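What follows is a short report on a single structure.
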Amino acid sequence: MRKLIDELKSLQDETINIVSSVAEKDYQQQFHPDLSPIGWHLGHCIYTESYWIKEQLLGKQCDDASQKSLYVPELSVKQSRSAALPDKGELLEWAYINQSENRSILESITTEKPSHHLLKNDYLFHFLIQHYSQHIETMLMVLTEMQIQNTDTDFSPCKRLKARQANKEFVSIEAGIYNIGSENKNSPYDNEYPPHTIERDSFKIATSPVNNGEYLEFINAGGYSIKDFWSVAGWQWCIATQNTQPHHWRRQNDNLWFGINHKGSYLLEEQQAVHGLNYYEAEAYAKWIGGRLPHEYEWEIAYKYNCIQQTAIVWEWCSNTFHPYAGFSAYPYEDYSVPYFDENHYVLKGGSSFTKEVIKRPSFRNYYTADKRHIFAGIRLVYS
């Protein structure tokens with residue numbers, strides 16, 4: 001238990017440090033319509049841990065109605081969160097106090113209520129650790145959007161990004177019956193259960209994700225202007241947005257490409273896995289090159305049998321929508337997974353270079369709608 005408490009504290013401290021490092025003028029600002037202000041993420045994490053520890057374990061009301069209406073996502077319109085946030089200093093003080101209290105409660109409650117269902121197999125510890133981990137990655141998305149809006153685009157790359165032909169190195173996976181889902185009893189989320197077997201035909205999967213140089217080849221070939229590569233919905237998105245490059249890519253007048261991340265402008269390397277792509281772009285690239293996106297079962301099979309590399313560099317779009325496994329049961333609450341079983345959210349696998357290790361497991365299922373490109377997502381190809 002001591003190790004889990006220390007891990008939780010480390011993540012608590014990291015969220016505090018991220019918010020502390022942001023200027024007052026940026027703390028409350030919403031930099032992207034799909035992302036809350038960075039201060040809201042800290043407040044939400046504190047409210048969430050207090051709810052589960054103080055209300056669910058101790059049976060005590062933890063906060064007032066205004067905090068609940070702000071920090072519970074279902075009760076708070078994203079566009080209204082900026083104005084509702086307290087001052088930065090006030091939020092940080094509230095965070096320090098509550099995080100310390102919550103850790104003390106966790107240290108004592110395991111002996112007072114060892115039979116509580118949330119403490120079985122240390123479930124609540126793992127739940128809170130993963131919740132913080134996911135929000136820290138989202139906070140880095142917010143910082144990236146802040147840099148995209150604020151960074152001086154006079155950055156001069158020291159070398160030109162070169163287009164590359166696709167490297168079609170792949171491994172063959174034989175047809176068979178495979179295990180899917182998690183058999184771990186303490187850390188996974190409800191949508192990773194129950195573990196089950198599936199029968200799958202043979203397929204070939206790329207050993208590594210698509211890189212920047214390979215994606216530049218798609219751009220140079222006019223990929224964003226050729227309707228045949230796009231689904232109907234994808235082409236409608238392409239026309240409506242007029243996007244012609246990954247979300248965080250920028251170009252100098254002399255055709256020098258560079259990227260922007262949470263720290264500012266940086267040099268794009270050909271061999272780095274491309275990210276900043278939505279499902280439509282991933283799907284279009286796959287069709288252009290003569291491949292397809294993997295079903296999440298194919299991706300998980302390939303990972304578990306050590307057939308693919310670089311699985312934690314970018315989130316990798318899968319071809320299927322997010323769905324419940326047969327026998328699914330929501331736990332510890334419905335709103336983590338159930339609202340997203342809507343046929344509009346697509347699964348992503350693997351994790352990015354900003355994803356915490358606790359999330360990087362083959363059974364973990366990320367999910368976003370097809371148009372989202374602010375996430376650190378890229379492409380891995382399958383060939384039938």
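Labels used: A, B, ... for chains in the order of the structure tokens, numbers from 1 for residues in each chain, and numbers from 1 for ligands as shown.
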
Mind dumping a table of every stretch 117-147 of chain A residue within 12 Å of stretch 251-260 of chain A, with the nearest atom pair and its distance in Å to one decimal, using only C-alpha atoms, sorted by chain and rising number, as CSV?
```
residue,atom,partner,partner_atom,distance
A:Leu140,CA,A:Ile260,CA,12.0
A:Met141,CA,A:Ile260,CA,11.1
A:Leu143,CA,A:Ile260,CA,10.3
A:Thr144,CA,A:Ile260,CA,7.0
A:Glu145,CA,A:Ile260,CA,8.8
A:Met146,CA,A:Ile260,CA,9.9
A:Gln147,CA,A:Ile260,CA,6.9
```

Just-selected residues, N, CA and C atoms written as a PDB file, in the first residue's frame:
```pdb
ATOM      1  N   LEU A 140      -1.306  18.043 -20.890  1.00  0.00           N
ATOM      2  CA  LEU A 140      -0.251  18.294 -21.873  1.00  0.00           C
ATOM      3  C   LEU A 140      -0.848  18.639 -23.235  1.00  0.00           C
ATOM      4  N   MET A 141      -2.020  18.096 -23.533  1.00  0.00           N
ATOM      5  CA  MET A 141      -2.731  18.522 -24.744  1.00  0.00           C
ATOM      6  C   MET A 141      -3.116  19.996 -24.639  1.00  0.00           C
ATOM      7  N   LEU A 143      -1.584  22.299 -22.863  1.00  0.00           N
ATOM      8  CA  LEU A 143      -0.362  23.093 -23.012  1.00  0.00           C
ATOM      9  C   LEU A 143       0.084  23.163 -24.466  1.00  0.00           C
ATOM     10  N   THR A 144      -0.122  22.071 -25.204  1.00  0.00           N
ATOM     11  CA  THR A 144       0.208  22.083 -26.631  1.00  0.00           C
ATOM     12  C   THR A 144      -0.658  23.087 -27.372  1.00  0.00           C
ATOM     13  N   GLU A 145      -1.959  23.102 -27.063  1.00  0.00           N
ATOM     14  CA  GLU A 145      -2.853  24.068 -27.709  1.00  0.00           C
ATOM     15  C   GLU A 145      -2.473  25.494 -27.332  1.00  0.00           C
ATOM     16  N   MET A 146      -2.037  25.689 -26.101  1.00  0.00           N
ATOM     17  CA  MET A 146      -1.586  27.007 -25.673  1.00  0.00           C
ATOM     18  C   MET A 146      -0.384  27.451 -26.497  1.00  0.00           C
ATOM     19  N   GLN A 147       0.563  26.534 -26.717  1.00  0.00           N
ATOM     20  CA  GLN A 147       1.740  26.854 -27.510  1.00  0.00           C
ATOM     21  C   GLN A 147       1.382  27.101 -28.972  1.00  0.00           C
TER      22      GLN A 147
END
```

> Could you pull out the strand (DSSP E or B) residues of stretch 186-364 of chain A from DSSP and send them as a ChimeraX atom specification?
Replying inline: /A:196-200,203-206,211,249-251,257-261,264-266,273,292,315-321,345-349

> When DSSP works through the backbone of this structure, what residues of stretch 26-261 of chain A end up as helix (DSSP H, G or I), shown as a ChimeraX atom specification?
Replying inline: /A:26-27,38-57,65-71,73-75,78-84,88-112,117-150,190-192,212-220,223-225,227-229,232-241

Could you pull the residues within 9 Å of A:Val358, counting only C-alpha atoms, minus those fewer than 6 positions along the same chain, as a PDB file with C-alpha atoms, in the first residue's frame?
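Final file, part01.pdb:
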```pdb
ATOM      1  CA  HIS A 126      -5.374   1.988  -8.961  1.00  0.00           C
ATOM      2  CA  ILE A 129      -3.719   6.673 -10.059  1.00  0.00           C
ATOM      3  CA  GLN A 130      -5.028   6.003 -13.549  1.00  0.00           C
ATOM      4  CA  SER A 133      -2.504   9.750 -15.284  1.00  0.00           C
ATOM      5  CA  SER A 187      -6.193  -2.057 -12.152  1.00  0.00           C
TER       6      SER A 187
END
```

> Between A:Trp230, A:Ser384, A:Tyr303, A:Asp190, which has the minimum distance to A:Ala175 (counting only C-alpha atoms)?
Replying inline: A:Ser384

> Quick one: distance from atom CA of A:His345 to atom CA of A:Tyr280 in Å, one decimal?
Replying inline: 12.4 Å

>> Considering only C-alpha atoms, can you say which of A:Leu268, A:Ala370, A:Ile18, A:Ile313 comes closest to A:Leu161?
In response: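 Answer, going by the shortest atom-to-atom distance: A:Leu268.
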
>> Taking 3 positions as the minimum chain separation for residues in the same chain, which residues sit within 9 Å of A:Leu4 when counting only C-alpha atoms? Answer as a PyMOL selection string.
In response: chain A and resi 1+7-9+122+125-126+129

>> Nearest residue to A:Ile205 out of A:Ala221, A:Leu119, A:Ile359, A:Ile173, using only C-alpha atoms?
In response: A:Ile173

>> With distances taken over only C-alpha atoms, which residue among A:Ile379, A:Leu92, A:Leu75, A:Ile177 lies nearest A:Asn278?
In response: A:Ile379

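Reported to one decimal place, the separation of atom CA of A:Trp235 from atom CA of A:His32 is 22.5 Å.
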
> atom CA of A:Arg361 to atom CA of A:Tyr193: how many Å, to one decimal?
Replying inline: 13.6 Å

> Can you list, as a ChimeraX atom specification, every protein, DNA or RNA residue that comes within 12 Å of A:Lys227 when you count only C-alpha atoms, leaving out same-chain residues fewer than 4 positions away?
Replying inline: /A:222-223,231-239,280-281,284-285,287-288

Serialized selection, N, CA and C atoms, as a compact mmCIF listing (two decimals), in the first residue's frame:
```txt
# COMPACT_ATOMS: atom_id res chain seq x y z
N GLY A 222 -0.84 14.83 -52.69
CA GLY A 222 -2.16 15.43 -52.80
C GLY A 222 -3.23 14.68 -52.04
N GLY A 223 -2.82 13.97 -51.00
CA GLY A 223 -3.76 13.11 -50.27
C GLY A 223 -4.97 13.83 -49.73
N SER A 231 -13.50 8.49 -46.72
CA SER A 231 -14.89 8.07 -46.53
C SER A 231 -15.79 9.28 -46.79
N VAL A 232 -17.08 9.05 -46.88
CA VAL A 232 -18.01 10.16 -47.11
C VAL A 232 -17.91 11.17 -45.98
N ALA A 233 -17.94 10.68 -44.73
CA ALA A 233 -17.84 11.59 -43.58
C ALA A 233 -16.47 12.25 -43.53
N GLY A 234 -15.42 11.49 -43.88
CA GLY A 234 -14.08 12.05 -43.87
C GLY A 234 -13.90 13.15 -44.89
N TRP A 235 -14.47 12.96 -46.08
CA TRP A 235 -14.35 13.98 -47.12
C TRP A 235 -15.14 15.23 -46.74
N GLN A 236 -16.28 15.05 -46.11
CA GLN A 236 -17.05 16.20 -45.63
C GLN A 236 -16.25 16.98 -44.60
N TRP A 237 -15.57 16.26 -43.71
CA TRP A 237 -14.71 16.93 -42.72
C TRP A 237 -13.58 17.66 -43.43
N CYS A 238 -12.97 17.01 -44.39
CA CYS A 238 -11.83 17.59 -45.11
C CYS A 238 -12.22 18.89 -45.81
N ILE A 239 -13.36 18.88 -46.48
CA ILE A 239 -13.84 20.07 -47.19
C ILE A 239 -14.20 21.17 -46.20
N TYR A 280 -10.38 10.07 -39.57
CA TYR A 280 -10.58 10.26 -41.01
C TYR A 280 -9.25 10.29 -41.74
N GLU A 281 -8.28 11.02 -41.18
CA GLU A 281 -6.96 11.12 -41.81
C GLU A 281 -6.24 9.78 -41.79
N ALA A 284 -7.85 7.60 -44.42
CA ALA A 284 -7.50 8.02 -45.77
C ALA A 284 -6.08 7.61 -46.13
N TYR A 285 -5.14 7.79 -45.19
CA TYR A 285 -3.76 7.38 -45.45
C TYR A 285 -3.70 5.88 -45.71
N LYS A 287 -5.96 3.87 -46.88
CA LYS A 287 -6.50 3.53 -48.20
C LYS A 287 -5.53 3.93 -49.30
N TRP A 288 -4.90 5.09 -49.14
CA TRP A 288 -3.94 5.58 -50.14
C TRP A 288 -2.77 4.61 -50.29
```

>> Give me, as number ranges by chain, all polymer residues having an atom no more than 8 Å from A:Ile16, counting only C-alpha atoms and skipping those fewer than 3 positions away in the same chain.
In response: A: 12-13, 19-20, 42, 92, 95

Using the selection just defined, write its residues with N, CA and C atoms as an mmCIF file, in the first residue's frame.
```cif
data_model
loop_
_atom_site.group_PDB
_atom_site.id
_atom_site.type_symbol
_atom_site.label_atom_id
_atom_site.label_comp_id
_atom_site.auth_asym_id
_atom_site.auth_seq_id
_atom_site.Cartn_x
_atom_site.Cartn_y
_atom_site.Cartn_z
ATOM 1 N N GLN A 12 -0.286 13.532 -7.872
ATOM 2 C CA GLN A 12 -0.908 14.733 -7.307
ATOM 3 C C GLN A 12 0.043 15.927 -7.428
ATOM 4 N N ASP A 13 1.295 15.697 -7.061
ATOM 5 C CA ASP A 13 2.292 16.767 -7.141
ATOM 6 C C ASP A 13 2.489 17.233 -8.581
ATOM 7 N N VAL A 19 -0.070 23.127 -13.131
ATOM 8 C CA VAL A 19 -0.905 24.326 -12.991
ATOM 9 C C VAL A 19 -0.091 25.494 -12.445
ATOM 10 N N SER A 20 0.804 25.215 -11.501
ATOM 11 C CA SER A 20 1.627 26.287 -10.922
ATOM 12 C C SER A 20 2.509 26.949 -11.975
ATOM 13 N N LEU A 42 -7.164 20.162 -12.778
ATOM 14 C CA LEU A 42 -6.711 19.989 -11.394
ATOM 15 C C LEU A 42 -7.915 19.919 -10.458
ATOM 16 N N LEU A 92 -5.152 26.223 -5.920
ATOM 17 C CA LEU A 92 -3.958 25.503 -5.489
ATOM 18 C C LEU A 92 -3.983 25.233 -3.985
ATOM 19 N N ALA A 95 -6.393 22.498 -3.359
ATOM 20 C CA ALA A 95 -5.823 21.233 -3.831
ATOM 21 C C ALA A 95 -4.836 20.663 -2.813
#
```

> What lies within 12 Å of A:Lys68 using only C-alpha atoms, ignoring chain neighbours under 2 positions off, as a list in words?
Replying inline: Gly43, His44, Cys45, Ile46, Tyr47, Thr48, Ser50, Tyr51, Gln61, Cys62, Asp63, Asp64, Ala65, Ser66, Leu70, Tyr71, Val72, Pro73, Glu74, Leu75, Ser76 and Ala84 of chain A

> When distances are computed from only C-alpha atoms, which of A:Lys25, A:Arg160, A:His135, A:Arg373 shows the smallest separation from A:Ala282?
Replying inline: A:Arg373
